[in-house]
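A.B. asks: So that we are looking at the same thing, I have put the structure below in structure tokens.
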Amino acid sequence: MPQLDADSLNEIFEYLEDDKETLRSCLLVNRFWGEISVRILWKIIRNYETIIACLPNESREVLYKNGINILTTKFPIYNYITYIKNLSIYTIDEIIKNILKNYQTVTPQSLNYIKFIILQELYKLFMKRISCLKKLHFYSYRIIDIPNITFILYPGAINCLKDLTELSCRSDIYPEFFYQLSQICHNIQHLDITFKEIISNGLSDLISVQKNLKYLDIMQYYECRDLTNIIPSLKKLPNTLIKFELYGYIIPLSFITKFTNLQELVLLYSCDFDESNDPFEDFNELQHVTFSQLQILRFEDASPKTDLLIKFLENNGKFLKEFYVESDNNLLNLAIAKYCFNLKIFSILILSYENYELESLKEIFNNCQNLESIKVKCEGEYEKELLDIISEYSPNNFSELGLYYSYDAKSKLLPDAFETFFVNWKNRTSLKSISLIIDSYSGKNIFDNYEEIMKVIEKFIKLGVIKKFIID
């Protein structure tokens with residue numbers, strides 16, 4: 001290790017980015033190790049005291065003249081600010097809150113002014129010292145209730161933000177933020193937008209100027225149910241998008257037809273709609289498009305009409321590796337068996353009370369020989385039959401079963417059913433251990449005889465039949 005150069009150590013330490021305790025221990029080895037590990041440890045702000053200690057003399061003087069005592073005079077040994085790559089508004093808010101602990105007796109008007117002064121100096125510090133910010137998580141200042149400050153106007157902002165690759169924000173941030181950012185940041189790769197009641201002017205500009213957007217996440221709140229006005233800017237994006245995720249209510253989906261390089265499409269809808277406002281009203285425009293890179297398709301709480309979805313799978317099912325859908329339609333299950341033969345992970349999330357659903361599951365197992373994992377919704381019906389089918393018909397690569405129970409559901413499985421299932425699994429030719437994951441609001445109370453079942457589980461864990469058993 002003493003012979004390794006800086007580049008080699010940096011590459012090793014990069015793997016420890018999420019292990020802050022180990023990185024902190026590397027700081028103490030020697031100065032050489034410290035200089036390398038601190039750059040990785042401080043990609044995000046670790047504590048507010050260090051940030052305050054990094055304030056230059058001119059900022060300290062401004063704070064002092066306004067009656068703000070930061071209680072530190074010593075400058076840190078490292079230039080921590082220059083290492084920051086990920087900046088969050090919530091972290092800045094925590095810094096301000098900690099400084100304000102000694103100012104609880106002042107009037108609200110004076111307190112807001114103090115907040116304003118501190119924030120102004122922090123922005124100056126970040127924009128001037130951070131040379132290449134990669135991630136910015138920026139929401140509005142409703143938390144600390146102070147006037148909006150356009151930090152982009154501070155010296156150094158262009159150099160700080162020009163290589164930004166990830167932005168998380170709300171739609172109701174003051175317009176200047178979006179206007180200024182759209183002049184600087186054209187290569188954002190991951191854009192995460194939470195749409196509230198107000199959609200600020202300038203947001204559409206920021207979206208439409210992106211040249212290399214790969215990940216787009218949209219969170220749509222109830223008070224912002226209409227995103228029609230944002231669609232033109234989405235249509236201006238180049239065909240670089242590889243993941244689109246929507247959680248919300250209704251948004252026209254026709255713009256997705258342009259993004260034929262999508263690898264992951266996630267549509268999670270609230271249940272608060274009916275036939276008059278079907279969120280998949282224009283899914284028919286997608287059913288004829290070929291997405292040759294699409295590997296993950298996920299629907300939750302709602303899915304397109306069965307005939308439209310089957311047509312979509314006819315064109316794209318063979319590309320899918322993961323498919324998540326809520327449906328009790330046997331025709332859809334048969335279509336999945338026919339068209340999605342490369343699936344590795346399948347979540348059907350519904351098991352109706354009709355036995356033919358289990359028969360169609362056999363078809364899926366027979367045709368999808370790469371299947372490794374399945375998650376099925378159970379309501380206390382046909383559980384034993386389901387286990388029998390899985391032990392007998394699941395392909396050799398299969399190794400994970402998830403059973404999902406709704407809020408008030410109870411399992412009717414008895415210890416003998418688990419015993420039989422695991423004995424059958426042990427006798428399979430694949431000799432692959434299985435993971436069993438129980439997803440239930442009731443936790444272990446999903447079973448009336450939990451203790452007896454756990455004795456069976458522990459027995460087969462020791463035998464190596466069960467890889468892991470989880471009740472979540």
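Identifiers in the structure tokens: chain A, B, ... in order shown; residue index from 1 per chain; ligand index from 1 in order shown.
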For Lys321 (chain A), find every residue with an atom within 9 Å (counting only C-alpha atoms), except residues of its own chain fewer than 4 positions away, and show them as a PyMOL selection string.
C.D. replies: chain A and resi 294-297+317+340-346+370-371
A.B. asks: Excluding region 54-65 of chain A and its own-chain neighbours fewer than 3 positions away, which residues fall within 7 Å of it when counting only C-alpha atoms? Please give them as a ChimeraX atom specification.
C.D. replies: /A:50-51,68-69,75-76,121,125
A.B. asks: Can you list, as JSON, numbers by chain, every residue of region 31-226 of chain A that DSSP puts in strand (DSSP E or B)?
C.D. replies: {"A": [44, 86, 87, 88, 135, 136, 137, 138, 166, 167, 168, 169, 170, 190, 191, 192, 193, 194, 195, 215, 216, 217, 218, 219, 220]}
A.B. asks: Can you tell me which residues surround Ile251 (chain A) at a distance of at most 8 Å, considering only C-alpha atoms, apart from same-chain residues fewer than 4 positions away, and format the answer as number ranges by chain?
C.D. replies: A: 225-228, 279
A.B. asks: Can you write out the residues you just picked, keeping N, CA, C and O atoms, as a tab-separated table (two decimals), in the first residue's frame?
C.D. replies:
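Generated output (out17.tsv):
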```
chain	number	residue	atom	x	y	z
A	225	ARG	N	-52.56	18.59	-11.63
A	225	ARG	CA	-53.00	17.40	-12.37
A	225	ARG	C	-52.85	17.55	-13.89
A	225	ARG	O	-52.94	16.57	-14.62
A	226	ASP	N	-52.63	18.76	-14.36
A	226	ASP	CA	-52.55	18.98	-15.80
A	226	ASP	C	-51.13	19.42	-16.19
A	226	ASP	O	-50.70	20.51	-15.87
A	227	LEU	N	-50.42	18.54	-16.86
A	227	LEU	CA	-49.05	18.85	-17.31
A	227	LEU	C	-48.98	19.04	-18.82
A	227	LEU	O	-47.91	18.95	-19.41
A	228	THR	N	-50.12	19.34	-19.40
A	228	THR	CA	-50.16	19.49	-20.86
A	228	THR	C	-49.19	20.55	-21.37
A	228	THR	O	-48.54	20.37	-22.41
A	279	PRO	N	-55.74	7.62	-17.39
A	279	PRO	CA	-54.39	8.12	-17.63
A	279	PRO	C	-53.71	7.47	-18.83
A	279	PRO	O	-52.71	7.99	-19.33
```
A.B. asks: Closest to Tyr83 (chain A) among A:Lys459, A:Lys236, A:Lys97, A:Arg39, using only C-alpha atoms?
C.D. replies: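 Using only C-alpha atoms, Tyr83 (chain A) sits closest to A:Arg39.
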A.B. asks: Go through region 89-279 of chain A and collect every residue that DSSP, computed from the backbone, puts in alpha helix (DSSP H); the answer should be as a ChimeraX atom specification.
C.D. replies: /A:89-99,108-129,157-161,175-184,203-208,231-235
A.B. asks: Would you output that residue set with C-alpha atoms, as a CSV table (one decimal), in the first residue's frame?
C.D. replies:
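What ended up in out21.csv:
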```
chain,number,residue,atom,x,y,z
A,89,ILE,CA,-30.7,22.9,-0.2
A,90,TYR,CA,-31.7,20.9,2.9
A,91,THR,CA,-28.0,20.7,3.9
A,92,ILE,CA,-27.8,24.5,3.6
A,93,ASP,CA,-30.9,24.9,5.6
A,94,GLU,CA,-29.4,22.8,8.4
A,95,ILE,CA,-26.3,24.9,8.4
A,96,ILE,CA,-28.4,28.0,8.9
A,97,LYS,CA,-30.6,26.4,11.6
A,98,ASN,CA,-27.5,25.5,13.6
A,99,ILE,CA,-26.1,29.0,13.3
A,108,PRO,CA,-39.2,37.3,13.3
A,109,GLN,CA,-38.3,40.2,11.0
A,110,SER,CA,-34.8,40.4,12.4
A,111,LEU,CA,-34.5,36.6,12.2
A,112,ASN,CA,-35.4,36.5,8.6
A,113,TYR,CA,-32.9,39.2,7.9
A,114,ILE,CA,-30.2,37.2,9.7
A,115,LYS,CA,-31.1,34.2,7.6
A,116,PHE,CA,-30.9,36.3,4.5
A,117,ILE,CA,-27.4,37.5,5.3
A,118,ILE,CA,-26.1,34.0,6.2
A,119,LEU,CA,-27.5,32.5,3.1
A,120,GLN,CA,-26.0,35.2,0.9
A,121,GLU,CA,-22.5,34.6,2.3
A,122,LEU,CA,-22.9,30.8,1.9
A,123,TYR,CA,-23.9,31.2,-1.7
A,124,LYS,CA,-20.9,33.4,-2.4
A,125,LEU,CA,-18.7,30.8,-0.8
A,126,PHE,CA,-20.1,27.9,-2.8
A,127,MET,CA,-20.3,29.6,-6.2
A,128,LYS,CA,-16.7,30.9,-5.8
A,129,ARG,CA,-15.0,27.8,-4.4
A,157,ALA,CA,-21.6,30.5,-10.7
A,158,ILE,CA,-21.0,29.7,-14.4
A,159,ASN,CA,-17.8,27.8,-13.7
A,160,CYS,CA,-19.5,26.0,-10.8
A,161,LEU,CA,-22.6,24.9,-12.6
A,175,PRO,CA,-38.5,31.8,-12.4
A,176,GLU,CA,-35.1,33.4,-12.3
A,177,PHE,CA,-33.6,30.1,-11.1
A,178,PHE,CA,-34.8,28.3,-14.2
A,179,TYR,CA,-34.0,31.1,-16.6
A,180,GLN,CA,-30.5,31.5,-15.4
A,181,LEU,CA,-29.9,27.7,-15.2
A,182,SER,CA,-31.1,27.2,-18.8
A,183,GLN,CA,-28.4,29.6,-19.9
A,184,ILE,CA,-25.6,27.6,-18.2
A,203,LEU,CA,-38.9,25.5,-16.4
A,204,SER,CA,-39.9,24.6,-20.0
A,205,ASP,CA,-36.8,26.5,-21.2
A,206,LEU,CA,-34.6,24.5,-18.9
A,207,ILE,CA,-36.0,21.2,-20.1
A,208,SER,CA,-36.0,22.0,-23.8
A,231,ILE,CA,-45.2,18.5,-23.1
A,232,PRO,CA,-43.9,20.7,-25.9
A,233,SER,CA,-40.6,21.1,-24.1
A,234,LEU,CA,-40.3,17.3,-23.6
A,235,LYS,CA,-40.9,16.8,-27.3
```
A.B. asks: Give the answer as one residue: which of A:Asn329, A:Asn10, A:Ser88, A:Ser200 has the shortest atom-to-atom distance to Glu35 (chain A), using only C-alpha atoms?
C.D. replies: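 Checking each candidate against Glu35 (chain A), we get A:Asn10 as the closest.
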A.B. asks: From the options A:Tyr221, A:Phe447, A:Phe291, A:Phe138, which residue's atoms come nearest to Leu167 (chain A), counting only C-alpha atoms?
C.D. replies: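 Among the listed residues, the smallest separation from Leu167 (chain A) belongs to A:Phe138.
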